[in-house]
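Report on the structure given below.
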Amino acid sequence: MKVKNNAFDLDALDFEILKVLQEDARRTYTAIGKRLEIAHSTVYDRIKRMEKYGVIRKYIALVDHRKAGAKFITAIMTVFTDPKESDRVAEKLCGAPEVLEVYTSLSEELVIIAKVVAENQERLHAFIANSVAPLPGVLRIRTSVITRKFKESPFSVANPGSYIYKKKV
Amino acid sequence: MSKRVSRILRSLSREKAFYFFTSIGNYTGESASSLKEFMYKINEVNVKSLEFHFHRGDFEKWVAEVLEDKKLADGIREMQKTDVTSDVLRSRLSEVVSRRYKQLINWLRFTK
């Protein structure tokens, strides 16, 4: 990894380390070193640097909520907003524990797309009716409750487009 | 009494307004922040929204808990005994709410 002009570039070895970590973040430096045929001290240095510069943000457990006994529904909520109020609406949504992800999109109209979880449909509706619809700038809302999940995986350095890892520090 | 009537007819904050949905999580963009506005909106919103809220008991709940008009809430609840839908629901609901609104306005005028 080279740090130059307040930006850094990951090299091929950094990407290889990230790939291995994204398969299993609990692998030891030695195990990663063996797999990539490099010294564990090199692995350590590279990982520490990527942590320092925020390339690796954190290590978390992927929990199967169904197996953990949690019962909830997930919905995708599209909020049509007044463009002047859009950022404020998005910020408010970010502060709600029911909201997992928030994005904005500009197609024909400026919309905020959010992934929402709730115990059941009634709680979902209450959240949207009491906490989202009254926000200034909300014009209307479309919500789809997810009935079946076919795939969910985080973005990986193995995916196409990994050049996005060129990032300002 | 006039204080109670004025309270029923007051304008509400955004948080206490009635927001019209057509189904779970689908907000039409229409809201009512007073009994007067509610009366007008009944004639304007998508009839699906009226059906959705009517069958869930949302109207009577909002009228009773937010506007604090037990008499109107009872009137709306009474409607649920008959199976009304679509435009019949709109006209009946409009009739019940308009009648009550006029009654309250007249009461205020009469006592001033």
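Order determines the names: the first chain of the structure tokens is A, the second B, and so forth; residues in each chain are numbered 1 upward, and ligands are numbered 1 upward as they are shown.
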
Interface rows for chain A against chain B: nearest pair, Å to one decimal, 6 Å, only C-alpha atoms, as a tab-separated table:
```
residue	atom	partner	partner_atom	distance
A:His125	CA	B:Gly25	CA	5.1
A:Ile128	CA	B:Gly25	CA	5.9
A:Pro134	CA	B:Arg14	CA	5.6
A:Leu139	CA	B:Gly29	CA	5.1
A:Arg140	CA	B:Gly29	CA	4.3
A:Ile141	CA	B:Tyr27	CA	4.7
A:Arg142	CA	B:Asn26	CA	4.7
A:Thr143	CA	B:Gly25	CA	5.1
```

Please identify which residues in chain B DSSP calls strand (DSSP E) from the backbone, and express them as a list of chain:residue names.
-> B:Phe18, B:Tyr19, B:Phe20, B:Phe21, B:Thr22, B:Ser23, B:Asn26, B:Tyr27, B:Thr28, B:Gly29, B:Glu30, B:Ser31, B:Ala32

If we count only C-alpha atoms, what is near stretch 27-38 of chain A at a cut-off of 12 Å, once residues fewer than 2 positions away on the same chain are taken out, given as a ChimeraX atom specification?
-> /A:12-25,40-48,59

How would the residues just picked look written out with C-alpha atoms as a tab-separated table (two decimals), in the first residue's frame?
```tsv
chain	number	residue	atom	x	y	z
A	12	ALA	CA	-1.96	-6.83	-5.42
A	13	LEU	CA	-0.79	-8.29	-2.10
A	14	ASP	CA	-3.13	-6.05	-0.10
A	15	PHE	CA	-6.02	-7.26	-2.24
A	16	GLU	CA	-4.99	-10.88	-1.70
A	17	ILE	CA	-4.95	-10.34	2.07
A	18	LEU	CA	-8.35	-8.65	1.95
A	19	LYS	CA	-9.79	-11.51	-0.10
A	20	VAL	CA	-8.62	-14.04	2.48
A	21	LEU	CA	-9.94	-11.92	5.35
A	22	GLN	CA	-13.32	-11.52	3.66
A	23	GLU	CA	-13.62	-15.29	3.46
A	24	ASP	CA	-12.79	-15.68	7.16
A	25	ALA	CA	-11.71	-12.71	9.27
A	40	HIS	CA	3.32	-13.58	8.85
A	41	SER	CA	5.07	-10.31	9.81
A	42	THR	CA	4.30	-8.95	6.33
A	43	VAL	CA	0.66	-9.92	6.78
A	44	TYR	CA	0.64	-8.21	10.19
A	45	ASP	CA	2.15	-4.97	8.83
A	46	ARG	CA	-0.23	-4.83	5.87
A	47	ILE	CA	-3.32	-5.50	7.98
A	48	LYS	CA	-2.33	-2.96	10.63
A	59	TYR	CA	-14.48	-7.23	12.06
```

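The coordinates place atom CA of A:Val116 at 9.1 Å from atom CA of A:Val102.
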
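Residue nearest A:Glu101 within the list A:Glu85, A:Gln121, A:Ala75, A:Phe80: A:Ala75 [criterion: smallest interatomic distance, only C-alpha atoms].
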
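You will find atom CA of B:Lys102 at 9.6 Å from atom CA of B:Lys36.
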
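Going from atom CA of B:Arg100 over to atom CA of B:Leu72, you cover 6.6 Å.
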
What's the 12 Å shell around B:Asp69, counting only C-alpha atoms, without same-chain residues fewer than 5 positions away, as a ChimeraX atom specification?
-> /B:4-10,34-35,59-64,74-76,97,100-101,104

Could you turn the residues from that selection into a file that holds C-alpha atoms, as a PDB file, in the first residue's frame?
```pdb
ATOM      1  CA  ARG B   4     -63.763  21.080  24.770  1.00  0.00           C
ATOM      2  CA  VAL B   5     -65.328  21.990  21.405  1.00  0.00           C
ATOM      3  CA  SER B   6     -62.456  24.344  20.597  1.00  0.00           C
ATOM      4  CA  ARG B   7     -60.034  21.580  21.455  1.00  0.00           C
ATOM      5  CA  ILE B   8     -61.739  19.184  19.026  1.00  0.00           C
ATOM      6  CA  LEU B   9     -61.588  21.826  16.286  1.00  0.00           C
ATOM      7  CA  ARG B  10     -57.966  22.869  16.916  1.00  0.00           C
ATOM      8  CA  SER B  34     -57.640  19.260  11.924  1.00  0.00           C
ATOM      9  CA  LEU B  35     -61.193  17.970  11.889  1.00  0.00           C
ATOM     10  CA  PHE B  59     -60.201   6.828  11.946  1.00  0.00           C
ATOM     11  CA  GLU B  60     -62.102   6.236  15.164  1.00  0.00           C
ATOM     12  CA  LYS B  61     -58.833   5.784  17.047  1.00  0.00           C
ATOM     13  CA  TRP B  62     -57.412   9.096  15.797  1.00  0.00           C
ATOM     14  CA  VAL B  63     -60.681  10.931  16.399  1.00  0.00           C
ATOM     15  CA  ALA B  64     -60.953   9.551  19.938  1.00  0.00           C
ATOM     16  CA  ASP B  74     -68.661   6.388  18.290  1.00  0.00           C
ATOM     17  CA  GLY B  75     -70.387   7.498  15.089  1.00  0.00           C
ATOM     18  CA  ILE B  76     -67.573   6.095  12.949  1.00  0.00           C
ATOM     19  CA  VAL B  97     -67.921  13.750   9.879  1.00  0.00           C
ATOM     20  CA  ARG B 100     -70.471  16.459  13.528  1.00  0.00           C
ATOM     21  CA  TYR B 101     -68.279  19.309  12.273  1.00  0.00           C
ATOM     22  CA  LEU B 104     -69.519  21.727  16.705  1.00  0.00           C
TER      23      LEU B 104
END
```

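Of the listed residues A:Asp9, A:Arg123, A:Ser144, A:Ala133, the one whose atoms come nearest to A:Phe72 is A:Arg123, with distances taken using only C-alpha atoms.
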
Excluding A:Leu106 and any residue of its chain fewer than 3 positions from it, enumerate the residues within 12 Å of it, using only C-alpha atoms, and give them as an NGL selection string.
-> :A and (78-83 or 86 or 103 or 109-113)

Please save C-alpha atoms of the selected residues as an mmCIF file, in the first residue's frame.
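Generated output (result_9.cif):
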```
data_model
loop_
_atom_site.group_PDB
_atom_site.id
_atom_site.type_symbol
_atom_site.label_atom_id
_atom_site.label_comp_id
_atom_site.auth_asym_id
_atom_site.auth_seq_id
_atom_site.Cartn_x
_atom_site.Cartn_y
_atom_site.Cartn_z
ATOM 1 C CA THR A 78 -38.972 4.344 -0.973
ATOM 2 C CA VAL A 79 -39.519 7.858 0.315
ATOM 3 C CA PHE A 80 -40.305 10.557 -2.265
ATOM 4 C CA THR A 81 -39.085 13.865 -0.937
ATOM 5 C CA ASP A 82 -38.860 17.547 -1.591
ATOM 6 C CA PRO A 83 -35.246 17.898 -2.850
ATOM 7 C CA SER A 86 -33.989 15.249 1.273
ATOM 8 C CA TYR A 103 -29.540 5.537 0.157
ATOM 9 C CA GLU A 109 -37.658 12.171 -8.791
ATOM 10 C CA LEU A 110 -35.333 12.387 -5.832
ATOM 11 C CA VAL A 111 -36.022 9.407 -3.621
ATOM 12 C CA ILE A 112 -34.596 7.941 -0.458
ATOM 13 C CA ILE A 113 -34.434 4.166 -0.349
#
```

If we count only C-alpha atoms, what is near B:Leu89 at a cut-off of 8 Å, once residues fewer than 4 positions away on the same chain are taken out, given as a PyMOL selection string?
-> chain B and resi 50-51+84-85+93

Sel. of helix (DSSP H, G or I) residues, chain B, as a PyMOL selection string = chain B and resi 2-9+14-16+35-42+47-56+58-67+70-79+86-111
